[in-house]
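Peer 1: I'm passing along upload31.tsv; it holds TSV, C-alpha atoms.
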```tsv
chain	number	residue	atom	x	y	z
X	1139	MET	CA	113.72	118.97	114.92
X	1140	ASN	CA	112.79	117.33	118.24
X	1141	SER	CA	113.27	113.66	118.92
X	1142	GLN	CA	109.59	112.71	118.78
X	1143	ARG	CA	109.04	114.45	115.45
X	1144	THR	CA	112.19	112.90	113.99
X	1145	SER	CA	111.06	109.42	115.03
X	1146	TRP	CA	107.84	109.81	113.03
X	1147	VAL	CA	109.68	111.26	110.03
X	1148	VAL	CA	111.89	108.16	110.02
X	1149	THR	CA	108.78	105.99	110.31
X	1150	SER	CA	107.22	107.80	107.32
X	1151	ALA	CA	110.41	107.30	105.29
X	1152	ALA	CA	110.31	103.59	106.09
X	1153	PHE	CA	106.64	103.47	104.99
X	1154	VAL	CA	107.53	105.04	101.62
X	1155	ALA	CA	110.52	102.74	101.09
X	1156	ASN	CA	108.38	99.68	101.79
X	1157	PHE	CA	105.62	100.94	99.49
X	1158	VAL	CA	108.04	101.24	96.57
X	1159	ASN	CA	110.11	98.11	97.15
X	1160	PHE	CA	107.35	95.65	97.91
X	1161	GLY	CA	104.98	97.18	95.41
X	1162	VAL	CA	107.51	96.44	92.66
X	1163	LEU	CA	108.51	93.03	94.01
X	1164	PHE	CA	105.03	91.70	94.75
X	1165	SER	CA	103.55	92.85	91.46
X	1166	PHE	CA	105.70	90.25	89.70
X	1167	GLY	CA	102.71	87.95	89.22
X	1168	ILE	CA	101.23	90.54	86.85
X	1169	PHE	CA	104.43	90.50	84.78
X	1170	LEU	CA	104.66	86.70	84.71
X	1171	THR	CA	102.61	85.91	81.59
X	1172	PRO	CA	103.71	88.98	79.55
X	1173	ILE	CA	107.36	88.11	80.14
X	1174	ALA	CA	106.75	84.46	79.25
X	1175	GLU	CA	105.00	85.48	76.03
X	1176	THR	CA	107.82	87.85	75.08
X	1177	PHE	CA	110.42	85.11	75.39
X	1178	ASP	CA	108.14	82.41	73.92
X	1179	THR	CA	108.08	80.13	76.95
X	1180	SER	CA	105.71	78.87	79.67
X	1181	THR	CA	105.37	80.23	83.19
X	1182	GLY	CA	107.57	77.45	84.61
X	1183	PRO	CA	110.92	78.95	83.49
X	1184	VAL	CA	109.81	82.50	84.40
X	1185	ALA	CA	108.33	81.89	87.89
X	1186	PRO	CA	111.75	81.20	89.48
X	1187	LEU	CA	112.66	84.83	88.71
X	1188	PHE	CA	110.39	85.83	91.58
X	1189	SER	CA	111.90	83.20	93.86
X	1190	ALA	CA	115.42	84.30	92.98
X	1191	ALA	CA	114.61	87.97	93.60
X	1192	VAL	CA	113.10	87.12	96.98
X	1193	CYS	CA	116.15	85.05	97.92
X	1194	PHE	CA	118.43	87.99	97.11
X	1195	TYR	CA	116.12	90.19	99.17
X	1196	TYR	CA	116.56	88.02	102.25
X	1197	LEU	CA	120.28	87.45	101.79
X	1198	ALA	CA	120.87	91.19	101.32
X	1199	GLY	CA	118.59	91.87	104.28
X	1200	ALA	CA	120.74	89.73	106.58
X	1201	VAL	CA	123.85	91.65	105.55
X	1202	GLY	CA	122.18	95.07	105.38
X	1203	GLY	CA	120.39	94.66	108.69
X	1204	ARG	CA	123.56	93.74	110.53
X	1205	PHE	CA	125.55	96.47	108.76
X	1206	SER	CA	122.99	99.15	109.62
X	1207	ASP	CA	123.03	98.10	113.29
X	1208	SER	CA	126.75	98.87	113.34
X	1209	VAL	CA	127.34	101.84	111.01
X	1210	GLY	CA	123.94	103.40	110.46
X	1211	VAL	CA	120.90	103.10	108.25
X	1212	LYS	CA	121.41	105.90	105.70
X	1213	PRO	CA	124.21	104.40	103.52
X	1214	VAL	CA	122.41	101.04	103.38
X	1215	VAL	CA	119.10	102.54	102.23
X	1216	ALA	CA	120.93	104.75	99.70
X	1217	SER	CA	122.52	101.61	98.25
X	1218	GLY	CA	119.07	100.07	97.94
X	1219	ALA	CA	117.82	103.11	96.01
X	1220	ALA	CA	120.66	102.77	93.51
X	1221	LEU	CA	120.22	99.02	93.10
X	1222	MET	CA	116.46	99.27	92.50
X	1223	THR	CA	116.80	102.01	89.90
X	1224	ILE	CA	119.60	100.32	87.97
X	1225	GLY	CA	117.93	96.90	88.20
X	1226	LEU	CA	114.64	98.12	86.74
X	1227	VAL	CA	116.23	100.17	83.96
X	1228	VAL	CA	118.50	97.35	82.78
X	1229	SER	CA	115.71	94.74	83.12
X	1230	SER	CA	113.46	96.81	80.86
X	1231	LEU	CA	116.10	96.42	78.13
X	1232	ALA	CA	116.52	92.62	78.46
X	1233	THR	CA	116.52	90.73	75.15
X	1234	GLU	CA	116.84	87.22	76.63
X	1235	LEU	CA	115.22	85.61	79.67
X	1236	TRP	CA	118.58	84.90	81.25
X	1237	HIS	CA	119.29	88.64	81.28
X	1238	LEU	CA	116.51	89.02	83.84
X	1239	TYR	CA	118.04	86.30	86.00
X	1240	LEU	CA	121.36	88.13	85.78
X	1241	VAL	CA	119.98	91.60	86.54
X	1242	TYR	CA	116.40	91.71	87.87
X	1243	ALA	CA	116.73	89.03	90.53
X	1244	PRO	CA	119.98	90.18	92.20
X	1245	LEU	CA	119.55	93.95	91.90
X	1246	VAL	CA	115.83	94.38	92.61
X	1247	GLY	CA	115.88	91.69	95.29
X	1248	SER	CA	118.94	93.17	97.00
X	1249	ALA	CA	117.39	96.64	96.91
X	1250	VAL	CA	114.49	95.42	99.03
X	1251	GLY	CA	116.91	93.79	101.46
X	1252	CYS	CA	118.90	97.01	101.80
X	1253	CYS	CA	115.80	98.89	102.94
X	1254	TYR	CA	113.44	96.62	104.87
X	1255	PRO	CA	115.42	95.12	107.82
X	1256	PRO	CA	117.59	98.24	108.34
X	1257	MET	CA	114.53	100.50	108.48
X	1258	ILE	CA	112.67	98.13	110.82
X	1259	GLY	CA	115.69	98.02	113.13
X	1260	THR	CA	116.09	101.79	113.13
X	1261	VAL	CA	112.39	102.48	113.77
X	1262	GLY	CA	112.46	99.90	116.58
X	1263	ARG	CA	115.30	101.79	118.26
X	1264	TRP	CA	113.53	105.16	117.93
X	1265	PHE	CA	110.53	103.95	119.95
X	1266	LYS	CA	110.01	102.40	123.36
X	1267	GLU	CA	106.40	102.79	124.48
X	1268	ARG	CA	104.82	102.78	121.00
X	1269	ARG	CA	107.23	100.46	119.19
X	1270	ALA	CA	104.59	97.97	118.01
X	1271	SER	CA	102.38	100.78	116.69
X	1272	ALA	CA	105.28	102.37	114.80
X	1273	ILE	CA	106.38	99.08	113.27
X	1274	SER	CA	102.77	98.38	112.25
X	1275	LEU	CA	102.68	101.68	110.37
X	1276	VAL	CA	106.01	100.92	108.69
X	1277	LEU	CA	104.66	97.56	107.55
X	1278	ALA	CA	101.46	99.20	106.31
X	1279	GLY	CA	103.68	100.52	103.53
X	1280	VAL	CA	104.26	96.93	102.44
X	1281	GLY	CA	100.52	96.31	102.25
X	1282	MET	CA	99.77	99.60	100.52
X	1283	GLY	CA	102.41	98.92	97.87
X	1284	THR	CA	101.04	95.42	97.35
X	1285	PHE	CA	97.54	96.88	96.97
X	1286	VAL	CA	98.31	99.74	94.59
X	1287	VAL	CA	101.19	98.64	92.38
X	1288	PRO	CA	99.77	95.36	90.97
X	1289	ILE	CA	96.60	97.15	89.86
X	1290	VAL	CA	98.61	99.98	88.33
X	1291	SER	CA	100.90	97.40	86.71
X	1292	ARG	CA	97.99	95.74	84.94
X	1293	PHE	CA	96.87	99.03	83.38
X	1294	LEU	CA	100.41	100.07	82.43
X	1295	ILE	CA	101.29	96.68	80.92
X	1296	ASP	CA	98.04	96.61	78.94
X	1297	ALA	CA	98.74	100.12	77.63
X	1298	TRP	CA	102.52	100.11	77.02
X	1299	GLY	CA	103.92	96.66	77.81
X	1300	TRP	CA	106.03	95.28	80.63
X	1301	ARG	CA	109.29	96.92	79.50
X	1302	ALA	CA	107.89	100.45	79.64
X	1303	THR	CA	106.25	99.67	82.97
X	1304	LEU	CA	109.60	98.69	84.50
X	1305	ALA	CA	111.16	101.88	83.14
X	1306	ILE	CA	108.39	104.00	84.67
X	1307	TYR	CA	108.87	102.26	88.02
X	1308	ALA	CA	112.60	102.94	87.80
X	1309	GLY	CA	111.92	106.69	87.68
X	1310	PHE	CA	109.57	106.63	90.65
X	1311	SER	CA	111.94	104.41	92.61
X	1312	ALA	CA	114.88	106.74	92.05
X	1313	VAL	CA	112.98	109.71	93.46
X	1314	LEU	CA	111.10	108.10	96.35
X	1315	LEU	CA	113.86	105.80	97.61
X	1316	THR	CA	116.43	108.60	97.48
X	1317	ALA	CA	114.08	110.77	99.54
X	1318	SER	CA	113.66	107.91	102.03
X	1319	ALA	CA	117.44	107.55	102.32
X	1320	ILE	CA	117.80	111.27	103.04
X	1321	ALA	CA	115.10	111.15	105.75
X	1322	ALA	CA	116.41	107.96	107.38
X	1323	VAL	CA	118.49	108.82	110.45
X	1324	ASP	CA	119.54	106.79	113.47
X	1325	PRO	CA	118.53	107.69	117.04
X	1326	PRO	CA	121.03	109.68	119.13
X	1327	SER	CA	124.03	107.66	120.24
X	1328	GLU	CA	123.36	108.43	123.92
X	1329	ASN	CA	120.08	106.52	123.59
X	1330	ALA	CA	121.75	103.44	122.11
X	1331	PRO	CA	120.33	100.25	123.68
X	1332	THR	CA	122.35	97.44	125.21
X	1333	ARG	CA	123.31	94.87	122.58
X	1334	LEU	CA	122.93	91.17	123.33
X	1335	GLY	CA	125.06	90.18	120.34
X	1336	LEU	CA	123.74	88.73	117.10
X	1337	ALA	CA	125.70	85.47	117.53
X	1338	THR	CA	123.99	84.87	120.90
X	1339	ILE	CA	120.58	85.50	119.37
X	1340	LEU	CA	121.14	83.17	116.43
X	1341	ARG	CA	122.17	80.29	118.73
X	1342	SER	CA	119.08	80.53	120.94
X	1343	LYS	CA	116.45	77.78	120.83
X	1344	LYS	CA	113.65	80.31	120.32
X	1345	PHE	CA	115.30	81.85	117.28
X	1346	LEU	CA	116.06	78.44	115.74
X	1347	LEU	CA	112.45	77.29	116.15
X	1348	LEU	CA	111.12	80.47	114.57
X	1349	TYR	CA	113.64	80.12	111.76
X	1350	GLY	CA	112.61	76.53	111.02
X	1351	ALA	CA	108.93	77.50	110.98
X	1352	LEU	CA	109.64	80.25	108.46
X	1353	VAL	CA	111.51	77.88	106.14
X	1354	LEU	CA	108.40	75.70	106.04
X	1355	GLY	CA	105.93	78.59	105.96
X	1356	GLY	CA	107.66	80.50	103.16
X	1357	PRO	CA	106.32	78.47	100.21
X	1358	GLY	CA	102.75	78.89	101.44
X	1359	PHE	CA	103.19	82.60	101.90
X	1360	TYR	CA	104.65	83.29	98.45
X	1361	ALA	CA	102.70	80.80	96.31
X	1362	PRO	CA	99.46	82.87	96.19
X	1363	LEU	CA	101.39	86.04	95.38
X	1364	ALA	CA	103.04	84.30	92.44
X	1365	PHE	CA	100.08	82.26	91.12
X	1366	TYR	CA	96.73	83.85	92.05
X	1367	ASN	CA	96.66	85.90	88.84
X	1368	ASP	CA	97.33	83.08	86.35
X	1369	HIS	CA	95.28	80.51	88.30
X	1370	ALA	CA	92.21	82.78	88.28
X	1371	ILE	CA	92.62	83.52	84.57
X	1372	SER	CA	92.91	79.78	83.83
X	1373	LYS	CA	89.50	79.36	85.49
X	1374	GLY	CA	87.89	81.93	83.20
X	1375	ILE	CA	88.13	84.95	85.49
X	1376	GLY	CA	88.90	88.23	83.69
X	1377	GLY	CA	92.40	89.68	83.64
X	1378	LYS	CA	91.65	92.82	85.66
X	1379	ALA	CA	89.63	90.88	88.24
X	1380	ALA	CA	92.45	88.35	88.54
X	1381	ALA	CA	95.05	91.10	88.92
X	1382	SER	CA	92.99	92.67	91.70
X	1383	LEU	CA	93.51	89.58	93.89
X	1384	VAL	CA	97.03	90.65	94.83
X	1385	GLY	CA	95.66	94.14	95.36
X	1386	ILE	CA	93.04	92.71	97.73
X	1387	ILE	CA	95.87	91.10	99.69
X	1388	GLY	CA	97.55	94.47	99.98
X	1389	ALA	CA	94.37	96.38	100.87
X	1390	SER	CA	93.29	93.94	103.58
X	1391	SER	CA	96.84	93.91	104.87
X	1392	VAL	CA	96.88	97.71	105.17
X	1393	VAL	CA	93.60	97.77	107.09
X	1394	ALA	CA	94.74	94.98	109.40
X	1395	ARG	CA	98.09	96.69	110.09
X	1396	LEU	CA	96.35	99.95	110.95
X	1397	VAL	CA	94.02	98.11	113.33
X	1398	ILE	CA	97.02	96.44	114.95
X	1399	SER	CA	98.70	99.84	115.27
X	1400	ALA	CA	95.60	101.29	116.97
X	1401	LEU	CA	95.57	98.44	119.49
X	1402	ASN	CA	99.01	99.70	120.66
X	1403	ASP	CA	100.83	96.63	122.05
X	1404	ARG	CA	97.82	94.99	123.73
X	1405	PHE	CA	98.57	91.44	122.58
X	1406	ALA	CA	101.51	89.15	123.31
X	1407	PRO	CA	103.68	89.21	120.13
X	1408	MET	CA	104.16	85.43	119.90
X	1409	ARG	CA	100.44	84.70	120.24
X	1410	GLN	CA	99.77	87.27	117.53
X	1411	TYR	CA	102.42	85.58	115.37
X	1412	VAL	CA	100.70	82.18	115.75
X	1413	LEU	CA	97.33	83.69	114.84
X	1414	GLY	CA	98.85	85.10	111.65
X	1415	GLN	CA	100.25	81.69	110.71
X	1416	LEU	CA	96.83	80.10	111.30
X	1417	LEU	CA	95.15	82.64	109.02
X	1418	LEU	CA	97.67	81.86	106.26
X	1419	VAL	CA	96.81	78.15	106.52
X	1420	CYS	CA	93.13	79.10	106.15
X	1421	CYS	CA	94.06	81.15	103.06
X	1422	LEU	CA	95.66	78.13	101.41
X	1423	VAL	CA	92.76	75.79	102.19
X	1424	VAL	CA	90.26	78.23	100.65
X	1425	TRP	CA	92.53	78.66	97.61
X	1426	PHE	CA	92.66	74.87	97.17
X	1427	LEU	CA	88.83	74.76	97.20
X	1428	ALA	CA	88.32	77.85	95.01
X	1429	GLY	CA	87.69	76.15	91.66
X	1430	ASP	CA	86.24	78.78	89.33
X	1431	SER	CA	84.63	80.77	92.16
X	1432	TYR	CA	85.90	84.34	92.22
X	1433	LEU	CA	84.28	84.76	95.64
X	1434	LEU	CA	86.49	82.02	97.07
X	1435	PHE	CA	89.57	83.53	95.41
X	1436	VAL	CA	88.71	86.85	97.05
X	1437	SER	CA	88.13	85.13	100.41
X	1438	SER	CA	91.50	83.42	100.15
X	1439	ALA	CA	93.15	86.76	99.33
X	1440	LEU	CA	91.50	88.37	102.35
X	1441	PHE	CA	92.79	85.59	104.63
X	1442	HIS	CA	96.24	86.06	103.11
X	1443	GLY	CA	96.25	89.84	103.59
X	1444	VAL	CA	95.06	89.78	107.19
X	1445	GLY	CA	97.26	86.81	108.06
X	1446	TRP	CA	100.25	88.51	106.48
X	1447	ALA	CA	99.62	91.69	108.49
X	1448	VAL	CA	99.19	89.85	111.79
X	1449	TRP	CA	102.15	87.53	111.15
X	1450	PHE	CA	104.70	90.04	109.85
X	1451	THR	CA	103.80	92.82	112.25
X	1452	ALA	CA	104.36	90.42	115.11
X	1453	ALA	CA	107.75	89.09	113.94
X	1454	PRO	CA	109.93	92.16	114.73
X	1455	ASN	CA	108.10	92.60	118.02
X	1456	VAL	CA	108.68	88.95	118.92
X	1457	LEU	CA	112.42	89.45	118.34
X	1458	ALA	CA	112.44	92.77	120.22
X	1459	THR	CA	110.63	91.18	123.18
X	1460	TRP	CA	112.92	88.17	123.28
X	1461	PHE	CA	116.27	89.82	122.55
X	1462	GLY	CA	115.96	93.63	122.78
X	1463	VAL	CA	116.40	96.17	119.97
X	1464	GLY	CA	120.18	96.63	119.90
X	1465	ASP	CA	120.59	93.97	117.18
X	1466	LEU	CA	117.07	94.15	115.80
X	1467	GLY	CA	118.04	94.95	112.19
X	1468	GLY	CA	120.45	92.02	112.02
X	1469	ALA	CA	118.04	89.68	113.80
X	1470	VAL	CA	115.14	90.57	111.48
X	1471	GLY	CA	117.34	90.30	108.39
X	1472	THR	CA	118.74	86.93	109.42
X	1473	LEU	CA	115.35	85.55	110.41
X	1474	TYR	CA	113.90	86.43	107.03
X	1475	THR	CA	116.58	84.48	105.17
X	1476	ALA	CA	114.41	81.52	106.19
X	1477	LEU	CA	111.64	82.94	104.02
X	1478	GLY	CA	114.19	83.22	101.22
X	1479	PHE	CA	114.75	79.47	101.33
X	1480	GLY	CA	110.98	78.97	101.48
X	1481	ALA	CA	110.48	81.26	98.51
X	1482	LEU	CA	113.13	79.44	96.49
X	1483	ALA	CA	111.46	76.10	97.17
X	1484	GLY	CA	108.01	77.62	96.70
X	1485	PRO	CA	107.28	79.45	93.43
X	1486	ALA	CA	110.34	77.91	91.75
X	1487	VAL	CA	109.27	74.31	92.39
X	1488	LEU	CA	105.54	74.96	92.38
X	1489	GLY	CA	105.73	76.56	88.94
X	1490	PHE	CA	106.68	73.17	87.52
X	1491	VAL	CA	104.02	71.42	89.66
X	1492	VAL	CA	101.46	73.78	88.13
X	1493	ASP	CA	102.73	73.06	84.60
X	1494	GLY	CA	102.87	69.30	85.16
X	1495	VAL	CA	99.85	68.67	87.39
X	1496	SER	CA	97.59	71.54	88.52
X	1497	TYR	CA	97.28	74.62	90.68
X	1498	GLU	CA	95.36	72.56	93.23
X	1499	ALA	CA	98.29	70.15	93.58
X	1500	ALA	CA	100.58	73.09	94.29
X	1501	ALA	CA	98.15	74.43	96.89
X	1502	ALA	CA	97.93	71.03	98.58
X	1503	ILE	CA	101.71	70.89	98.99
X	1504	VAL	CA	101.92	74.28	100.69
X	1505	ILE	CA	98.94	73.51	102.95
X	1506	VAL	CA	100.96	70.65	104.44
X	1507	THR	CA	104.19	72.64	104.88
X	1508	SER	CA	102.33	75.61	106.37
X	1509	ALA	CA	100.44	73.39	108.83
X	1510	VAL	CA	103.75	71.97	110.07
X	1511	ALA	CA	105.06	75.54	110.45
X	1512	LEU	CA	101.98	76.39	112.53
X	1513	PHE	CA	102.66	73.45	114.85
X	1514	ILE	CA	106.26	74.60	115.38
X	1515	CYS	CA	105.08	78.14	116.18
X	1516	LEU	CA	102.62	76.77	118.73
X	1517	SER	CA	105.45	74.89	120.43
X	1518	ALA	CA	107.46	78.13	120.72
X	1519	ILE	CA	104.79	79.87	122.82
X	1520	GLY	CA	105.63	77.88	125.92
X	1521	ILE	CA	109.40	78.31	125.77
X	1522	THR	CA	110.76	80.41	128.60
X	1523	SER	CA	112.94	83.40	127.82
X	1524	ASP	CA	116.69	83.04	127.61
X	1525	ARG	CA	118.45	84.23	130.73
X	1526	ALA	CA	120.58	86.61	128.69
X	1527	ALA	CA	117.49	88.10	127.09
X	1528	ILE	CA	115.83	88.58	130.48
X	1529	GLU	CA	118.92	90.36	131.76
X	1530	LEU	CA	118.94	92.56	128.68
X	1531	GLU	CA	115.31	93.56	129.20
X	1532	ARG	CA	116.02	94.42	132.83
X	1533	SER	CA	119.08	96.54	132.00
```
Kindly return the structure encoded in the file as structure tokens.
Peer 2:
Amino acid sequence: MNSQRTSWVVTSAAFVANFVNFGVLFSFGIFLTPIAETFDTSTGPVAPLFSAAVCFYYLAGAVGGRFSDSVGVKPVVASGAALMTIGLVVSSLATELWHLYLVYAPLVGSAVGCCYPPMIGTVGRWFKERRASAISLVLAGVGMGTFVVPIVSRFLIDAWGWRATLAIYAGFSAVLLTASAIAAVDPPSENAPTRLGLATILRSKKFLLLYGALVLGGPGFYAPLAFYNDHAISKGIGGKAAASLVGIIGASSVVARLVISALNDRFAPMRQYVLGQLLLVCCLVVWFLAGDSYLLFVSSALFHGVGWAVWFTAAPNVLATWFGVGDLGGAVGTLYTALGFGALAGPAVLGFVVDGVSYEAAAAIVIVTSAVALFICLSAIGITSDRAAIELERS
């Protein structure tokens, strides 16, 4: 198999892995109420499950990304396949809510972390001229999973319940993630890029600014994914229509990522990143104003999906432009731990704000934090490149 063909096989494997992992993770909002009803509680105690799973995703991603940069991608992705399968099977058998905190959050969350940053780093190293296009296609798997799986989850839960749905997903995950692990290979060693060193990257002013912006932007990114479904239902919108909101996010994200891929590196990554953050702020403002209007809910979801695509497609390319691709897996994984902190402070805290005040109050909080994140991103545009990064790009 020639190098060019192999690079696209690896890209396809990364697409499939993202489809499975993020489809399962981001369909949690559909499981929220059924799980709460099973354990006779409100959404407040259940919502932090999503936050905890996301935190494990980012913590595992930091470790997995760095590990894959050093020893290879295949064993890390294979570990993710095992964790996802075991996590879903055991979670489907839970008899107490705390069982899900013990099993679902660490195993399912860590599975995502074992696949996403390592695959992004590996795909980034396979490509030079079309790196942004390849990464956009990889991330289209995230959007496609977010589009398809929540809608499927609603039908499966209505027909057989949330436990059977998790068991079904365990079977599909075992097959598809194992296939992705088999197909995932690293580029030839003779093509290995110069490595700047992860410690150098993490100490840079640019990285620290981007990290701080993600901590603040995380709650606003994850709040709609966690609460659109229940908020819409509380306003009298039907269950299937409400469930489709997360699917709309995924669908619009897929389309936007494909458009970005077709543009083939024509925009400066950091300016694209700022545009994505701006679109997410617009999403939150429209959500705050939605009331009982399904049209405004849909508009907010569209802003979220497009903003997500623009924002997250740009992030690996920002890091690759600033610091090269030698430590890209570790840099991406570490950067996204910031979103883990944001996710922990987002759905976990906002679930109790929703219970105690309103969905609008929760939206108002994340509008403020996301606007501050946007300001920080704007300030990062004018920062000159680190001398070490410039030397790396010239080497």
Peer 1: Specify the axis-aligned box that encloses all atoms of range 1442-1457 of chain X listed in the file after padding of 3 Å on each side, stating its centre and edge lengths in Å to one decimal as JSON.
Peer 2:
```
{"center_x": 103.7, "center_y": 89.4, "center_z": 111.0, "size_x": 23.4, "size_y": 12.8, "size_z": 21.8}
```
Peer 1: Rank nothing, just name the residue among X:Gln1415, X:Thr1149, X:Ser1391, X:Ser1431 nearest to Met1282 in chain X, using all atoms listed in the file.
Peer 2: X:Ser1391
Peer 1: So, counting only C-alpha atoms, which residue among X:Ala1190, X:Val1214, X:Val1448, X:Ala1319 is closest to Ala1155 in chain X?
Peer 2: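 The shortest atom-to-atom distance to Ala1155 in chain X comes from X:Ala1319.
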Peer 1: How many Å lie between CA of Ser1508 in chain X and CA of Val1192 in chain X, rounded to one decimal?
Peer 2: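 Going from CA of Ser1508 in chain X over to CA of Val1192 in chain X covers 18.3 Å.
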Peer 1: Enter the distance from CA of Leu1294 in chain X to CA of Ile1387 in chain X, in Å, rounded to one decimal.
Peer 2: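 So the answer is 20.0 Å.
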Peer 1: Give me, as a PyMOL selection string, all polymer residues having an atom no more than 12 Å from Ile1371 in chain X, counting only C-alpha atoms and skipping those fewer than 2 positions away in the same chain.
Peer 2: chain X and resi 1167-1168+1171+1365-1369+1373-1383+1429-1432+1435+1497
Peer 1: Determine, counting only C-alpha atoms, which protein, DNA and RNA residues have an atom within 8 Å of an atom of Leu1417 in chain X; residues of the same chain fewer than 5 positions away are not included. Present the result as a PyMOL selection string.
Peer 2: chain X and resi 1441-1442+1444-1445
Peer 1: Which one is closest to Ala1452 in chain X: X:Ser1342, X:Ser1271, X:Thr1179, X:Ser1141? Count all atoms listed in the file.
Peer 2: X:Ser1271
Peer 1: Using all atoms listed in the file, find the one residue out of X:Ala1518, X:Leu1422, X:Ala1458, X:Ala1321 that sits nearest to Ile1505 in chain X.
Peer 2: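 Among the listed residues, X:Leu1422 lies closest to Ile1505 in chain X.
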Peer 1: Rank X:Val1510, X:Ala1476, X:Val1286, X:Ile1295 by their smallest atom-to-atom distance to Phe1194 in chain X, using only C-alpha atoms, and report the top residue only.
Peer 2: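 Using only C-alpha atoms, Phe1194 in chain X sits closest to X:Ala1476.
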Peer 1: So that I can check the surroundings of Ala1312 in chain X, please list as a ChimeraX atom specification every protein, DNA and RNA residue that reaches within 8 Å of it, counting only C-alpha atoms and ignoring chain neighbours fewer than 5 positions away.
Peer 2: /X:1219-1220,1222-1223
Peer 1: Using C-alpha atoms, can you export the residues from the last selection as a compact mmCIF listing (two decimals), in the coordinates of the input?
Peer 2:
```txt
# COMPACT_ATOMS: atom_id res chain seq x y z
CA ALA X 1219 117.82 103.11 96.01
CA ALA X 1220 120.66 102.77 93.51
CA MET X 1222 116.46 99.27 92.50
CA THR X 1223 116.80 102.01 89.90
```
Peer 1: When you count all atoms listed in the file, which of these residues is closest to Gln1410 in chain X: X:Ala1389, X:Ala1317, X:Val1456, X:Ala1191?
Peer 2: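 Nearest candidate to Gln1410 in chain X out of X:Ala1389, X:Ala1317, X:Val1456, X:Ala1191: X:Val1456.
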Peer 1: Using all atoms listed in the file, determine which residues lie at most 10 Å from Phe1345 in chain X, disregarding the query and same-chain residues fewer than 4 positions distant; provide the list as an MDAnalysis selection string.
Peer 2: chainID X and resid 1338:1341 1349:1351 1456:1457 1460:1461 1469 1472:1473 1518
Peer 1: Expressed in Å to a single decimal, how great is the separation between CA of Gly1355 in chain X and CA of Gly1182 in chain X?
Peer 2: 21.4 Å
Peer 1: Excluding Val1209 in chain X and any residue of its chain fewer than 3 positions from it, enumerate the residues within 12 Å of it, using all atoms listed in the file, and give them as a ChimeraX atom specification.
Peer 2: /X:1202-1206,1212-1214,1256,1260,1323-1324,1327,1467
Peer 1: With 12 Å as the threshold, what does the neighbourhood of (107.6, 77.9, 102.8) contain in terms of residues, counting all atoms listed in the file? Coordinates are those of the file; answer as JSON, numbers by chain.
Peer 2: {"X": [1189, 1349, 1350, 1351, 1352, 1353, 1354, 1355, 1356, 1357, 1358, 1359, 1360, 1361, 1362, 1415, 1418, 1419, 1474, 1475, 1476, 1477, 1478, 1479, 1480, 1481, 1482, 1483, 1484, 1485, 1486, 1487, 1488, 1501, 1503, 1504, 1505, 1506, 1507, 1508, 1509, 1510, 1511, 1512]}
Peer 1: Do you know which residues lie at most 6 Å from (106.6, 75.9, 117.7), with coordinates as in the file and only C-alpha atoms counted, and could you write them as a count of residues only?
Peer 2: 6
